[in-house]
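Structure file run.txt (compact mmCIF, C-alpha atoms) follows.
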```
# COMPACT_ATOMS: atom_id res chain seq x y z
CA MET A 1 -46.69 -11.19 -19.27
CA SER A 2 -44.09 -13.81 -18.39
CA ALA A 3 -42.25 -13.08 -21.65
CA LYS A 4 -42.07 -9.41 -20.66
CA LYS A 5 -40.64 -10.32 -17.25
CA ASP A 6 -38.06 -12.58 -18.90
CA THR A 7 -37.05 -9.73 -21.21
CA GLN A 8 -36.64 -7.36 -18.26
CA SER A 9 -34.58 -9.86 -16.29
CA ALA A 10 -32.41 -10.48 -19.35
CA LYS A 11 -31.79 -6.73 -19.67
CA GLU A 12 -30.90 -6.53 -15.98
CA GLN A 13 -28.45 -9.36 -16.41
CA GLU A 14 -26.85 -7.55 -19.33
CA LYS A 15 -26.36 -4.46 -17.18
CA LEU A 16 -24.61 -6.57 -14.57
CA LYS A 17 -21.07 -7.20 -15.68
CA ALA A 18 -18.65 -9.59 -14.09
CA ILE A 19 -15.91 -7.83 -12.11
CA PRO A 20 -12.46 -8.67 -13.53
CA LEU A 21 -9.45 -9.16 -11.29
CA GLU A 22 -7.85 -6.04 -12.79
CA SER A 23 -10.52 -3.90 -11.09
CA PHE A 24 -8.74 -4.58 -7.79
CA LEU A 25 -5.29 -3.87 -9.22
CA LYS A 26 -5.99 -0.82 -11.42
CA TYR A 27 -4.97 1.85 -8.90
CA ALA A 28 -1.63 0.21 -8.17
CA ASN A 29 -0.99 -0.37 -11.89
CA ALA A 30 -1.79 3.28 -12.70
CA PHE A 31 0.79 4.58 -10.20
CA TYR A 32 3.40 2.06 -11.33
CA LEU A 33 2.88 3.00 -14.98
CA SER A 34 3.32 6.68 -14.08
CA ILE A 35 6.98 5.90 -13.28
CA GLY A 36 7.40 3.46 -16.17
CA MET A 37 7.21 0.28 -14.12
CA GLN A 38 5.22 -2.94 -14.36
CA ALA A 39 5.03 -4.85 -11.07
CA TYR A 40 4.01 -8.07 -12.83
CA ASP A 41 3.77 -9.32 -16.42
CA HIS A 42 0.57 -8.38 -18.20
CA LYS A 43 -0.37 -7.50 -21.74
CA PHE A 44 0.53 -3.93 -22.46
CA GLY A 45 0.78 -3.51 -26.22
CA GLU A 46 3.41 -2.76 -28.81
CA GLN A 47 7.15 -3.12 -28.30
CA TRP A 48 7.79 0.62 -28.57
CA LYS A 49 5.57 1.20 -25.55
CA MET A 50 7.65 -1.24 -23.53
CA VAL A 51 10.85 0.58 -24.57
CA LEU A 52 9.28 3.91 -23.64
CA LEU A 53 8.27 2.54 -20.24
CA ARG A 54 11.79 1.24 -19.60
CA TRP A 55 13.45 4.58 -20.39
CA THR A 56 10.83 6.46 -18.37
CA PHE A 57 11.61 4.24 -15.39
CA VAL A 58 15.37 4.81 -15.76
CA ALA A 59 14.91 8.59 -16.01
CA HIS A 60 12.70 8.67 -12.90
CA MET A 61 15.13 6.59 -10.87
CA VAL A 62 18.16 8.69 -11.85
CA ASN A 63 16.35 11.91 -10.96
CA LEU A 64 14.94 10.51 -7.69
CA ASN A 65 18.31 9.29 -6.45
CA ALA A 66 20.04 12.53 -7.49
CA VAL A 67 17.53 14.46 -5.37
CA LEU A 68 18.06 12.01 -2.50
CA VAL A 69 21.86 12.42 -2.60
CA SER A 70 21.58 16.23 -2.59
CA GLU A 71 19.29 16.09 0.47
CA LEU A 72 21.64 13.72 2.30
CA ILE A 73 24.63 15.98 1.64
CA TYR A 74 22.68 18.94 3.05
CA VAL A 75 21.91 17.03 6.28
CA PHE A 76 25.52 15.84 6.71
CA LEU A 77 26.87 19.35 6.20
CA ALA A 78 24.31 20.87 8.58
CA ILE A 79 25.08 18.36 11.34
CA GLY A 80 28.85 18.65 10.76
CA LYS A 81 28.80 22.45 11.01
CA GLY A 82 26.30 22.48 13.89
CA SER A 83 24.00 24.82 11.98
CA ASN A 84 20.48 24.59 10.49
CA PHE A 85 19.55 21.82 12.96
CA LEU A 86 15.81 22.37 12.53
CA GLU A 87 16.03 22.29 8.74
CA ALA A 88 18.16 19.14 8.93
CA THR A 89 15.61 17.32 11.13
CA MET A 90 12.82 18.34 8.76
CA ASN A 91 14.88 17.02 5.86
CA LEU A 92 15.37 13.72 7.69
CA SER A 93 11.59 13.16 7.50
CA PHE A 94 11.68 13.66 3.72
CA ILE A 95 14.79 11.53 3.34
CA GLY A 96 13.17 8.67 5.24
CA PHE A 97 10.15 8.90 2.95
CA VAL A 98 12.34 8.88 -0.17
CA ILE A 99 14.53 5.99 0.99
CA VAL A 100 11.47 3.85 1.70
CA GLY A 101 9.99 4.71 -1.71
CA ASP A 102 13.29 3.86 -3.39
CA LEU A 103 13.54 0.57 -1.48
CA LYS A 104 9.99 -0.42 -2.34
CA ILE A 105 10.48 0.26 -6.05
CA TRP A 106 13.74 -1.67 -6.14
CA TYR A 107 12.50 -4.65 -4.11
CA ILE A 108 9.14 -5.05 -5.89
CA SER A 109 10.89 -4.87 -9.26
CA ARG A 110 13.09 -7.78 -8.14
CA GLN A 111 10.01 -9.78 -7.13
CA LYS A 112 8.33 -9.39 -10.52
CA ASN A 113 8.38 -13.09 -11.47
CA ARG A 114 7.00 -14.21 -8.13
CA LEU A 115 4.38 -11.49 -8.14
CA THR A 116 3.33 -12.56 -11.63
CA GLN A 117 2.80 -16.12 -10.35
CA VAL A 118 0.64 -14.87 -7.44
CA VAL A 119 -1.54 -12.78 -9.75
CA HIS A 120 -1.81 -15.68 -12.20
CA ARG A 121 -2.98 -18.04 -9.41
CA LEU A 122 -5.55 -15.50 -8.26
CA GLU A 123 -6.78 -15.17 -11.85
CA GLN A 124 -7.27 -18.95 -12.00
CA MET A 125 -9.30 -18.85 -8.77
CA HIS A 126 -11.25 -15.75 -9.78
CA PRO A 127 -14.92 -16.45 -10.66
CA GLU A 128 -15.69 -15.30 -14.19
CA SER A 129 -19.47 -14.93 -14.49
CA VAL A 130 -21.85 -12.73 -12.49
CA ALA A 131 -23.61 -15.81 -11.12
CA GLN A 132 -20.32 -17.26 -9.89
CA GLN A 133 -19.26 -13.97 -8.31
CA GLN A 134 -22.43 -13.39 -6.30
CA PRO A 135 -21.59 -15.89 -3.50
CA PHE A 136 -18.23 -14.12 -3.10
CA ASN A 137 -19.95 -10.75 -2.52
CA MET A 138 -17.30 -9.36 -4.82
CA GLU A 139 -18.87 -5.96 -5.38
CA PHE A 140 -18.87 -5.33 -1.62
CA HIS A 141 -15.17 -6.18 -1.32
CA LEU A 142 -14.25 -4.08 -4.36
CA ARG A 143 -16.24 -1.11 -3.10
CA GLY A 144 -14.60 -1.29 0.33
CA TYR A 145 -11.11 -1.58 -1.13
CA SER A 146 -11.78 1.31 -3.54
CA ARG A 147 -12.87 3.58 -0.68
CA TYR A 148 -9.70 2.83 1.27
CA SER A 149 -7.51 3.33 -1.80
CA LYS A 150 -9.06 6.61 -2.94
CA PHE A 151 -8.79 8.13 0.51
CA TYR A 152 -5.24 6.82 0.86
CA PHE A 153 -3.79 8.10 -2.40
CA GLY A 154 -5.96 11.25 -2.28
CA MET A 155 -4.48 12.31 1.06
CA HIS A 156 -0.93 11.61 -0.09
CA LEU A 157 -1.40 13.51 -3.35
CA VAL A 158 -2.69 16.50 -1.39
CA LEU A 159 0.36 16.24 0.88
CA ILE A 160 3.02 15.96 -1.81
CA TRP A 161 1.63 18.72 -4.01
CA THR A 162 1.08 21.03 -1.04
CA TYR A 163 4.82 20.70 -0.43
CA ASN A 164 5.76 20.86 -4.08
CA LEU A 165 3.66 23.85 -5.11
CA TYR A 166 3.89 25.96 -1.95
CA TRP A 167 6.84 28.08 -3.09
CA ALA A 168 5.49 28.34 -6.64
CA VAL A 169 2.22 29.76 -5.30
CA TYR A 170 4.20 32.01 -2.93
CA TYR A 171 6.19 33.32 -5.92
CA LEU A 172 3.05 34.01 -7.94
CA VAL A 173 1.35 35.81 -5.05
CA CYS A 174 4.39 37.97 -4.28
CA ASP A 175 5.24 38.78 -7.90
CA PHE A 176 1.91 39.13 -9.69
CA TRP A 177 -0.48 40.05 -6.89
CA LEU A 178 1.57 42.02 -4.36
CA GLY A 179 4.17 43.28 -6.81
CA ILE A 180 7.08 42.32 -4.56
CA ARG A 181 10.10 41.69 -6.78
CA GLN A 182 12.69 41.03 -4.09
CA PHE A 183 12.17 37.80 -2.17
CA GLU A 184 14.25 34.73 -1.41
CA ARG A 185 13.82 31.85 -3.80
CA MET A 186 13.20 28.54 -2.07
CA LEU A 187 12.90 24.90 -3.10
CA PRO A 188 10.35 22.42 -1.73
CA TYR A 189 13.13 20.40 -0.01
CA TYR A 190 16.46 21.52 1.44
CA CYS A 191 19.36 20.28 -0.67
CA TRP A 192 23.00 20.95 -1.56
CA VAL A 193 24.42 21.20 -5.08
CA PRO A 194 27.85 22.49 -6.15
CA TRP A 195 26.42 25.55 -7.89
CA ASP A 196 24.14 28.47 -7.06
CA TRP A 197 20.71 27.07 -7.88
CA SER A 198 18.84 30.25 -6.93
CA THR A 199 19.82 32.21 -10.07
CA GLY A 200 18.64 31.99 -13.66
CA TYR A 201 17.09 28.88 -15.11
CA SER A 202 18.92 26.67 -12.60
CA TYR A 203 16.22 27.45 -10.04
CA TYR A 204 13.42 26.28 -12.34
CA PHE A 205 15.39 23.15 -13.25
CA MET A 206 15.92 22.26 -9.59
CA TYR A 207 12.31 23.02 -8.72
CA ILE A 208 10.92 20.79 -11.48
CA SER A 209 13.45 18.06 -10.69
CA GLN A 210 12.38 17.95 -7.03
CA ASN A 211 8.70 17.95 -7.98
CA ILE A 212 9.15 15.02 -10.36
CA GLY A 213 11.30 13.16 -7.84
CA GLY A 214 8.73 13.67 -5.09
CA GLN A 215 5.91 12.37 -7.25
CA ALA A 216 7.97 9.36 -8.42
CA CYS A 217 8.77 8.46 -4.81
CA LEU A 218 5.12 8.84 -3.83
CA SER A 219 3.97 6.68 -6.77
CA GLY A 220 6.35 3.90 -5.77
CA GLN A 221 5.14 4.03 -2.16
CA LEU A 222 1.44 4.17 -2.96
CA ALA A 223 1.56 1.50 -5.66
CA ALA A 224 3.33 -1.05 -3.42
CA ASP A 225 0.93 -0.50 -0.52
CA MET A 226 -2.21 -0.57 -2.67
CA LEU A 227 -1.05 -3.65 -4.59
CA MET A 228 -0.42 -5.53 -1.35
CA CYS A 229 -3.79 -4.44 0.09
CA ALA A 230 -5.55 -5.48 -3.14
CA LEU A 231 -4.02 -8.96 -2.96
CA VAL A 232 -4.91 -9.24 0.73
CA THR A 233 -8.49 -8.15 -0.03
CA LEU A 234 -8.80 -10.89 -2.65
CA VAL A 235 -7.43 -13.54 -0.26
CA VAL A 236 -9.78 -12.34 2.50
CA MET A 237 -12.68 -12.60 0.04
CA HIS A 238 -11.77 -16.22 -0.68
CA PHE A 239 -11.40 -17.04 3.03
CA ILE A 240 -14.88 -15.64 3.74
CA ARG A 241 -16.35 -17.56 0.80
CA LEU A 242 -14.67 -20.77 1.97
CA SER A 243 -16.09 -20.27 5.48
CA ALA A 244 -19.61 -19.82 4.10
CA HIS A 245 -19.17 -22.88 1.85
CA ILE A 246 -18.13 -25.05 4.81
CA GLU A 247 -20.86 -23.74 7.10
CA GLY A 248 -23.53 -24.47 4.51
CA HIS A 249 -22.53 -28.12 4.09
CA VAL A 250 -24.71 -30.80 5.69
CA ALA A 251 -22.69 -33.96 6.34
CA GLY A 252 -24.08 -37.45 6.79
CA ILE A 253 -26.94 -37.23 4.31
CA ALA A 254 -24.93 -38.27 1.26
CA PRO A 255 -22.65 -41.32 1.23
CA TYR A 256 -19.35 -41.05 3.13
CA GLN A 257 -17.41 -40.85 -0.15
CA ARG A 258 -19.28 -37.66 -1.06
CA ASP A 259 -18.41 -36.08 2.29
CA LEU A 260 -14.78 -37.14 1.84
CA GLU A 261 -14.66 -35.43 -1.56
CA PHE A 262 -16.06 -32.30 0.04
CA LEU A 263 -13.30 -32.39 2.66
CA GLN A 264 -10.61 -32.95 0.04
CA SER A 265 -11.72 -29.97 -2.05
CA THR A 266 -12.06 -27.81 1.07
CA VAL A 267 -8.57 -28.66 2.36
CA ALA A 268 -7.05 -28.10 -1.09
CA TYR A 269 -8.76 -24.68 -1.34
CA HIS A 270 -7.58 -23.78 2.16
CA GLN A 271 -4.01 -24.82 1.34
CA ARG A 272 -3.97 -22.63 -1.79
CA LEU A 273 -5.04 -19.63 0.28
CA ILE A 274 -2.41 -20.32 2.93
CA GLN A 275 0.27 -20.58 0.23
CA LEU A 276 -0.88 -17.30 -1.31
CA CYS A 277 -0.51 -15.61 2.09
CA GLN A 278 3.02 -16.97 2.45
CA ASP A 279 3.94 -15.71 -1.02
CA ILE A 280 2.49 -12.26 -0.28
CA ASN A 281 4.60 -12.10 2.89
CA ASP A 282 7.74 -13.13 0.98
CA ILE A 283 7.10 -10.46 -1.67
CA PHE A 284 6.06 -7.57 0.57
CA GLY A 285 7.83 -8.44 3.86
CA VAL A 286 10.73 -6.02 3.34
CA SER A 287 8.32 -3.33 2.14
CA LEU A 288 6.19 -3.77 5.27
CA LEU A 289 9.20 -3.60 7.58
CA SER A 290 10.48 -0.43 5.91
CA ASN A 291 6.98 1.06 6.21
CA PHE A 292 6.79 0.64 9.95
CA VAL A 293 10.39 1.62 10.69
CA SER A 294 10.17 4.75 8.53
CA SER A 295 6.73 5.69 9.89
CA SER A 296 8.15 5.52 13.40
CA PHE A 297 10.96 7.95 12.52
CA ILE A 298 8.67 10.21 10.46
CA ILE A 299 6.14 10.51 13.30
CA CYS A 300 9.02 11.25 15.67
CA PHE A 301 10.68 13.95 13.53
CA VAL A 302 7.41 15.59 12.49
CA GLY A 303 6.19 15.63 16.08
CA PHE A 304 9.48 17.21 17.15
CA GLN A 305 9.14 19.95 14.52
CA MET A 306 5.58 20.68 15.66
CA THR A 307 6.51 21.02 19.34
CA ILE A 308 9.44 23.42 18.94
CA GLY A 309 7.32 26.02 17.21
CA SER A 310 7.08 26.63 13.48
CA LYS A 311 5.50 29.11 11.13
CA ILE A 312 1.83 28.52 10.45
CA ASP A 313 2.44 27.45 6.84
CA ASN A 314 5.09 24.92 7.90
CA LEU A 315 2.82 23.72 10.69
CA VAL A 316 -0.02 22.98 8.26
CA MET A 317 2.28 20.92 6.02
CA LEU A 318 3.75 19.06 9.01
CA VAL A 319 0.26 18.16 10.24
CA LEU A 320 -0.54 16.80 6.75
CA PHE A 321 2.67 14.79 6.73
CA LEU A 322 1.96 13.33 10.19
CA PHE A 323 -1.63 12.51 9.24
CA CYS A 324 -0.55 10.70 6.06
CA ALA A 325 2.02 8.64 7.97
CA MET A 326 -0.71 7.57 10.38
CA VAL A 327 -3.15 6.80 7.54
CA GLN A 328 -0.55 4.54 5.92
CA VAL A 329 0.01 2.59 9.13
CA PHE A 330 -3.71 2.22 9.89
CA MET A 331 -4.60 1.14 6.33
CA ILE A 332 -2.00 -1.64 6.30
CA ALA A 333 -2.82 -2.73 9.86
CA THR A 334 -6.56 -2.80 9.09
CA HIS A 335 -6.07 -5.08 6.08
CA ALA A 336 -3.72 -7.28 8.10
CA GLN A 337 -6.32 -7.60 10.88
CA ARG A 338 -9.03 -8.52 8.37
CA LEU A 339 -6.77 -11.29 7.07
CA VAL A 340 -6.28 -12.67 10.59
CA ASP A 341 -10.01 -12.55 11.34
CA ALA A 342 -11.04 -14.14 8.02
CA SER A 343 -8.54 -17.00 8.31
CA GLU A 344 -9.57 -17.72 11.91
CA GLN A 345 -13.18 -17.90 10.76
CA ILE A 346 -12.43 -21.19 8.95
CA GLY A 347 -12.18 -23.10 12.24
CA GLN A 348 -15.41 -21.56 13.50
CA ALA A 349 -17.18 -22.50 10.25
CA VAL A 350 -16.01 -26.13 10.57
CA TYR A 351 -17.40 -26.28 14.10
CA ASN A 352 -20.70 -24.60 13.14
CA HIS A 353 -21.58 -26.72 10.12
CA ASP A 354 -23.92 -29.69 10.42
CA TRP A 355 -21.55 -32.60 11.13
CA PHE A 356 -23.53 -34.46 13.82
CA LEU A 357 -24.79 -37.25 11.57
CA ALA A 358 -21.51 -37.63 9.68
CA ASP A 359 -19.32 -40.72 9.67
CA LEU A 360 -16.87 -41.01 12.58
CA ARG A 361 -13.91 -40.86 10.20
CA TYR A 362 -15.24 -37.57 8.80
CA ARG A 363 -15.60 -36.09 12.27
CA LYS A 364 -12.05 -37.07 13.23
CA MET A 365 -10.66 -35.32 10.17
CA LEU A 366 -12.50 -32.13 11.12
CA ILE A 367 -10.28 -31.88 14.21
CA LEU A 368 -7.20 -31.54 11.99
CA ILE A 369 -8.79 -28.76 9.94
CA VAL A 370 -9.79 -26.85 13.08
CA LYS A 371 -6.30 -27.25 14.52
CA ARG A 372 -4.73 -25.82 11.34
CA ALA A 373 -7.21 -22.95 11.24
CA GLN A 374 -6.19 -21.98 14.79
CA GLN A 375 -2.89 -20.78 13.28
CA PRO A 376 -4.25 -17.78 11.37
CA SER A 377 -2.65 -16.37 8.26
CA ARG A 378 -0.92 -13.07 8.95
CA LEU A 379 0.89 -10.28 7.20
CA LYS A 380 4.51 -10.38 8.37
CA ALA A 381 7.12 -7.65 8.12
CA THR A 382 9.80 -10.29 7.46
CA ARG A 383 10.45 -12.40 10.60
CA PHE A 384 10.62 -9.44 12.94
CA LEU A 385 7.00 -8.32 13.13
CA ASN A 386 3.49 -9.74 12.81
CA VAL A 387 1.25 -6.96 11.50
CA SER A 388 -2.16 -6.29 13.05
CA LEU A 389 -3.97 -3.43 14.75
CA VAL A 390 -1.91 -4.16 17.87
CA THR A 391 1.17 -3.17 15.83
CA VAL A 392 -0.09 0.42 15.71
CA THR A 393 0.19 0.69 19.50
CA ASP A 394 3.75 -0.65 19.43
CA LEU A 395 4.65 1.78 16.67
CA LEU A 396 3.32 4.80 18.55
CA GLN A 397 5.22 3.77 21.68
CA LEU A 398 8.46 3.45 19.70
CA SER A 399 7.87 6.83 18.03
CA TYR A 400 7.37 8.51 21.39
CA LYS A 401 10.66 7.09 22.69
CA PHE A 402 12.54 8.49 19.69
CA PHE A 403 10.71 11.81 20.09
CA ALA A 404 11.66 12.09 23.77
CA LEU A 405 15.31 11.33 22.94
CA LEU A 406 15.40 13.94 20.15
CA ARG A 407 13.69 16.53 22.32
CA THR A 408 16.24 15.96 25.12
CA MET A 409 19.15 16.34 22.67
CA TYR A 410 17.72 19.63 21.37
CA VAL A 411 17.07 21.14 24.82
CA ASN A 412 20.50 20.19 26.13
```

Could you render the structure as structure tokens?
Amino acid sequence: MSAKKDTQSAKEQEKLKAIPLESFLKYANAFYLSIGMQAYDHKFGEQWKMVLLRWTFVAHMVNLNAVLVSELIYVFLAIGKGSNFLEATMNLSFIGFVIVGDLKIWYISRQKNRLTQVVHRLEQMHPESVAQQQPFNMEFHLRGYSRYSKFYFGMHLVLIWTYNLYWAVYYLVCDFWLGIRQFERMLPYYCWVPWDWSTGYSYYFMYISQNIGGQACLSGQLAADMLMCALVTLVVMHFIRLSAHIEGHVAGIAPYQRDLEFLQSTVAYHQRLIQLCQDINDIFGVSLLSNFVSSSFIICFVGFQMTIGSKIDNLVMLVLFLFCAMVQVFMIATHAQRLVDASEQIGQAVYNHDWFLADLRYRKMLILIVKRAQQPSRLKATRFLNVSLVTVTDLLQLSYKFFALLRTMYVN
């Protein structure tokens, strides 16, 4: 009977597989690979695949920036002539989105070496076996991160392809269903080029170019955000595990030297986590700042378009755009708040653990750990902004101020 139970438990253990670090990074890696980019060094395969990735990345960047320039020219001409003001303000929302995507791709590519070091350090700290991973509650953290990520990139994919395919579907309905042969050809985004793009194959070329550019921009945005949130999730997981490890320690039973070794390992672990947070801020600080600045302008311009009255189809797409901008802000702010809460928990764990019978020297050193833990680790948008859920309130206030200014300019 016992042999049968042992066999069953062995089979259950076989079903349980250790969760690799790549499980947290796979979504970000997939979107980066779709534009031919690797955010950090990892084994990919043969040399020809690396060459293919490099040329894919170059082609995407050339196309994306060509689309961006054509949109900027359209806005400058519209403002200079005093015409198409509504279309120009709508284009400004898209331009802000593209510029941020471009900036994120460029800046993360420059941080590749540093990002590789951060991932490598996390790999060294990552528990390998199922038994080692259980105290970290790793499956819970992975499941929570996956839910956030799937909702995040799912909403943005719905948004971008609603914009991209709207006029293609409109064309198919008018031509094949209603039999209307005379209708104005439109592109997903307003742009200016020095030729008539609405005739012949030029229209299809421009349409496909804008679709590819939009998806490339979206991939760069999503990948950077999800990669940062994945790294933050891993650091939060380690903070929570460290808190539980401290709280479960009973001091004073073993010799003082044993308690001192416990403190040394705990402080070293804590220092590694603090250093990881600093590196994450250095890598993603510019990306975070561009996120919040652009989201403020996007919410402003989209809100302005919604209040002046638009067609129902445009209104639906604007609501999607506004919702996605808010989802992006809330996802980043939520992960930032979890980091603050988890790092502050270290001080509480030191206070809660059984230290009453410990040596006086041990108890004095606890004060230093608590004092350091009272300075929580934070996500920082460079030096200008500490990110947390409070940041969302500040962002909405700033967006409303821009909206009121734009609305006043339009009415007057």

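Nearest-residue note for Gln124 (chain A): choosing from A:Thr89, A:Ser219, A:Arg272, A:Phe24, the minimum distance belongs to A:Arg272, counting all atoms listed in the file.
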
For this session: Tell me which of A:Ala349, A:Trp167, A:Ile99, A:Ala223 sits closest to Phe284 (chain A), counting only C-alpha atoms.
Result: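 Among A:Ala349, A:Trp167, A:Ile99, A:Ala223, it is A:Ala223 that comes nearest to Phe284 (chain A).
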
Problem set entry | A:Phe76, A:Tyr145, A:Trp48, A:Phe151 ranked by distance to Leu25 (chain A), top pick (using all atoms listed in the file) |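 Between A:Phe76, A:Tyr145, A:Trp48, A:Phe151, the residue approaching Leu25 (chain A) most closely is A:Tyr145.
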
For this session: Using only C-alpha atoms, collect all residues at a distance of at most 12 Å from (-23.1, -37.8, 8.1) as written in the file, then present them as a list of chain:residue names.
Result: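 Selection result: A:His249, A:Val250, A:Ala251, A:Gly252, A:Ile253, A:Ala254, A:Pro255, A:Tyr256, A:Gln257, A:Arg258, A:Asp259, A:Leu260, A:His353, A:Asp354, A:Trp355, A:Phe356, A:Leu357, A:Ala358, A:Asp359, A:Leu360, A:Arg361, A:Tyr362, A:Arg363.
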
Exercise. For Leu231 (chain A), which residue among A:Thr393, A:Glu22, A:Ile105, A:Pro127 is the nearest when counting all atoms listed in the file?
Worked result: A:Glu22

For this session: May I have the residues within 10 Å of Ser23 (chain A) as number ranges by chain, using only C-alpha atoms and disregarding those fewer than 3 positions away in the same chain?
Result: A: 19-20, 26-27, 142, 146, 230

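Comparing A:Met90, A:Leu172, A:Leu122, A:Val232 by their smallest distance to Leu315 (chain A), the closest is A:Met90 (using only C-alpha atoms).
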
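What separates CA of His156 (chain A) from CA of Met331 (chain A) is a distance of 12.8 Å.
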
Exercise. Could you state the separation of CA of Ala224 (chain A) and CA of Tyr32 (chain A) in Å, given to one decimal place?
Worked result: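 That distance, rounded to one decimal, is 8.5 Å.
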